[in-house]
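Since the structure comes first, as structure tokens, the remarks are kept for the end.
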Amino acid sequence: MAAPALARILRASQIRYRGFRARGVPAILIGVSGIVLTVRALAVAAPSLAEALREATKLVDAMRTDRPRLRA
């Protein structure tokens, strides 16, 4: 298996957000850190995600207008 072209990967790695710019290794480290933080946040929130999704589904069903509503 051929080794990856590291110089090409470093050149292509860049992050631009408003006035902030990062290129090369710092951009790769920022990207990996963002992924790790997202995964950890999801792992912490995992126990409550099922209930939140269930409630969101019920809310969407309640707000739908294509079903006839009962008149009081």
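Ordering of the structure tokens sets the chain letters (A, B, ...); residue numbers start at 1 within each chain; ligands are numbered from 1 in the order shown.
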
* Asked: DSSP on the backbone: what in chain A comes out alpha helix (DSSP H), as a ChimeraX atom specification?
  -> /A:6-12,25-63

Go ahead and write the residues just picked, N, CA and C atoms, as a short mmCIF file (atom, residue, chain, number, x, y, z; two decimals), in the first residue's frame.
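Saved file again-v9.cif follows:
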data_model
loop_
_atom_site.label_atom_id
_atom_site.label_comp_id
_atom_site.auth_asym_id
_atom_site.auth_seq_id
_atom_site.Cartn_x
_atom_site.Cartn_y
_atom_site.Cartn_z
N LEU A 6 1.70 13.31 2.30
CA LEU A 6 1.48 14.20 3.44
C LEU A 6 1.58 15.67 3.06
N ALA A 7 2.48 16.01 2.16
CA ALA A 7 2.62 17.41 1.76
C ALA A 7 1.34 17.90 1.10
N ARG A 8 0.73 17.07 0.31
CA ARG A 8 -0.52 17.44 -0.36
C ARG A 8 -1.65 17.61 0.65
N ILE A 9 -1.71 16.73 1.65
CA ILE A 9 -2.74 16.82 2.69
C ILE A 9 -2.56 18.10 3.49
N LEU A 10 -1.33 18.43 3.85
CA LEU A 10 -1.07 19.65 4.63
C LEU A 10 -1.42 20.91 3.84
N ARG A 11 -1.12 20.91 2.56
CA ARG A 11 -1.45 22.08 1.73
C ARG A 11 -2.95 22.27 1.61
N ALA A 12 -3.69 21.18 1.51
CA ALA A 12 -5.13 21.26 1.31
C ALA A 12 -5.88 21.54 2.60
N VAL A 25 -0.99 21.86 9.77
CA VAL A 25 -1.14 21.07 11.00
C VAL A 25 -2.13 21.72 11.97
N PRO A 26 -2.07 23.04 12.22
CA PRO A 26 -3.05 23.63 13.13
C PRO A 26 -4.49 23.42 12.67
N ALA A 27 -4.75 23.50 11.38
CA ALA A 27 -6.10 23.27 10.86
C ALA A 27 -6.54 21.84 11.10
N ILE A 28 -5.63 20.90 10.92
CA ILE A 28 -5.95 19.49 11.17
C ILE A 28 -6.24 19.27 12.64
N LEU A 29 -5.42 19.86 13.52
CA LEU A 29 -5.64 19.70 14.96
C LEU A 29 -6.96 20.33 15.41
N ILE A 30 -7.31 21.48 14.87
CA ILE A 30 -8.58 22.11 15.21
C ILE A 30 -9.74 21.24 14.74
N GLY A 31 -9.64 20.69 13.55
CA GLY A 31 -10.70 19.82 13.04
C GLY A 31 -10.89 18.57 13.88
N VAL A 32 -9.79 17.93 14.24
CA VAL A 32 -9.86 16.72 15.06
C VAL A 32 -10.41 17.05 16.44
N SER A 33 -10.00 18.19 17.00
CA SER A 33 -10.51 18.61 18.32
C SER A 33 -12.01 18.84 18.26
N GLY A 34 -12.49 19.44 17.18
CA GLY A 34 -13.93 19.66 17.02
C GLY A 34 -14.70 18.36 16.96
N ILE A 35 -14.16 17.38 16.26
CA ILE A 35 -14.82 16.07 16.18
C ILE A 35 -14.85 15.40 17.55
N VAL A 36 -13.73 15.44 18.27
CA VAL A 36 -13.66 14.82 19.60
C VAL A 36 -14.65 15.49 20.54
N LEU A 37 -14.73 16.82 20.54
CA LEU A 37 -15.67 17.52 21.41
C LEU A 37 -17.12 17.17 21.07
N THR A 38 -17.43 17.06 19.79
CA THR A 38 -18.79 16.70 19.38
C THR A 38 -19.15 15.29 19.85
N VAL A 39 -18.23 14.35 19.68
CA VAL A 39 -18.49 12.97 20.11
C VAL A 39 -18.67 12.90 21.62
N ARG A 40 -17.84 13.63 22.36
CA ARG A 40 -17.98 13.62 23.82
C ARG A 40 -19.29 14.24 24.26
N ALA A 41 -19.70 15.32 23.61
CA ALA A 41 -20.97 15.96 23.96
C ALA A 41 -22.14 15.01 23.68
N LEU A 42 -22.07 14.29 22.57
CA LEU A 42 -23.13 13.33 22.27
C LEU A 42 -23.12 12.17 23.26
N ALA A 43 -21.95 11.75 23.69
CA ALA A 43 -21.87 10.66 24.67
C ALA A 43 -22.47 11.08 26.01
N VAL A 44 -22.25 12.33 26.40
CA VAL A 44 -22.82 12.83 27.66
C VAL A 44 -24.34 12.96 27.53
N ALA A 45 -24.82 13.41 26.38
CA ALA A 45 -26.25 13.64 26.19
C ALA A 45 -27.00 12.39 25.75
N ALA A 46 -26.32 11.30 25.50
CA ALA A 46 -26.96 10.10 24.96
C ALA A 46 -28.13 9.58 25.79
N PRO A 47 -28.04 9.55 27.12
CA PRO A 47 -29.18 9.03 27.87
C PRO A 47 -30.48 9.82 27.67
N SER A 48 -30.39 11.11 27.41
CA SER A 48 -31.60 11.91 27.27
C SER A 48 -32.01 12.13 25.81
N LEU A 49 -31.21 11.68 24.86
CA LEU A 49 -31.53 11.91 23.45
C LEU A 49 -32.80 11.18 23.01
N ALA A 50 -32.98 9.96 23.47
CA ALA A 50 -34.16 9.20 23.05
C ALA A 50 -35.44 9.91 23.48
N GLU A 51 -35.48 10.38 24.71
CA GLU A 51 -36.67 11.08 25.21
C GLU A 51 -36.87 12.40 24.47
N ALA A 52 -35.79 13.11 24.18
CA ALA A 52 -35.90 14.38 23.47
C ALA A 52 -36.44 14.16 22.06
N LEU A 53 -35.97 13.13 21.38
CA LEU A 53 -36.47 12.83 20.03
C LEU A 53 -37.93 12.41 20.06
N ARG A 54 -38.31 11.64 21.06
CA ARG A 54 -39.71 11.22 21.20
C ARG A 54 -40.61 12.44 21.40
N GLU A 55 -40.19 13.37 22.26
CA GLU A 55 -40.98 14.57 22.50
C GLU A 55 -41.02 15.46 21.27
N ALA A 56 -39.93 15.56 20.53
CA ALA A 56 -39.90 16.36 19.31
C ALA A 56 -40.85 15.79 18.27
N THR A 57 -40.91 14.47 18.17
CA THR A 57 -41.84 13.83 17.24
C THR A 57 -43.27 14.14 17.62
N LYS A 58 -43.58 14.08 18.90
CA LYS A 58 -44.94 14.40 19.36
C LYS A 58 -45.28 15.85 19.09
N LEU A 59 -44.31 16.76 19.25
CA LEU A 59 -44.54 18.17 18.98
C LEU A 59 -44.83 18.41 17.51
N VAL A 60 -44.08 17.76 16.64
CA VAL A 60 -44.31 17.91 15.19
C VAL A 60 -45.68 17.36 14.83
N ASP A 61 -46.06 16.24 15.38
CA ASP A 61 -47.38 15.67 15.11
C ASP A 61 -48.48 16.61 15.58
N ALA A 62 -48.29 17.25 16.73
CA ALA A 62 -49.29 18.15 17.26
C ALA A 62 -49.42 19.42 16.42
N MET A 63 -48.33 19.83 15.77
CA MET A 63 -48.35 21.06 14.98
C MET A 63 -48.77 20.86 13.53
#

* To do: May I have all residues of chain A that DSSP, computed from the backbone, assigns to strand (DSSP E), given as a ChimeraX atom specification?
  => /A:14-17,20-23

Could you turn the residues from that selection into a file that holds N, CA and C atoms, as a PDB file, in the first residue's frame?
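Saved to part-v5.pdb:
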ATOM      1  N   GLN A  14      -7.082  23.630   5.385  1.00  0.00           N
ATOM      2  CA  GLN A  14      -7.193  25.011   5.846  1.00  0.00           C
ATOM      3  C   GLN A  14      -8.599  25.274   6.355  1.00  0.00           C
ATOM      4  N   ILE A  15      -8.660  26.157   7.341  1.00  0.00           N
ATOM      5  CA  ILE A  15      -9.929  26.559   7.939  1.00  0.00           C
ATOM      6  C   ILE A  15     -10.002  28.071   7.861  1.00  0.00           C
ATOM      7  N   ARG A  16     -11.118  28.573   7.363  1.00  0.00           N
ATOM      8  CA  ARG A  16     -11.368  30.019   7.341  1.00  0.00           C
ATOM      9  C   ARG A  16     -12.737  30.250   7.960  1.00  0.00           C
ATOM     10  N   TYR A  17     -12.762  31.059   9.002  1.00  0.00           N
ATOM     11  CA  TYR A  17     -14.024  31.410   9.640  1.00  0.00           C
ATOM     12  C   TYR A  17     -13.943  32.873  10.046  1.00  0.00           C
ATOM     13  N   PHE A  20     -10.667  34.493  11.174  1.00  0.00           N
ATOM     14  CA  PHE A  20      -9.745  33.460  11.646  1.00  0.00           C
ATOM     15  C   PHE A  20      -9.317  32.567  10.496  1.00  0.00           C
ATOM     16  N   ARG A  21      -8.010  32.300  10.426  1.00  0.00           N
ATOM     17  CA  ARG A  21      -7.486  31.385   9.407  1.00  0.00           C
ATOM     18  C   ARG A  21      -6.487  30.435  10.041  1.00  0.00           C
ATOM     19  N   ALA A  22      -6.543  29.180   9.641  1.00  0.00           N
ATOM     20  CA  ALA A  22      -5.559  28.187  10.076  1.00  0.00           C
ATOM     21  C   ALA A  22      -5.225  27.316   8.874  1.00  0.00           C
ATOM     22  N   ARG A  23      -3.956  26.994   8.719  1.00  0.00           N
ATOM     23  CA  ARG A  23      -3.511  26.165   7.598  1.00  0.00           C
ATOM     24  C   ARG A  23      -2.585  25.084   8.088  1.00  0.00           C
TER      25      ARG A  23
END
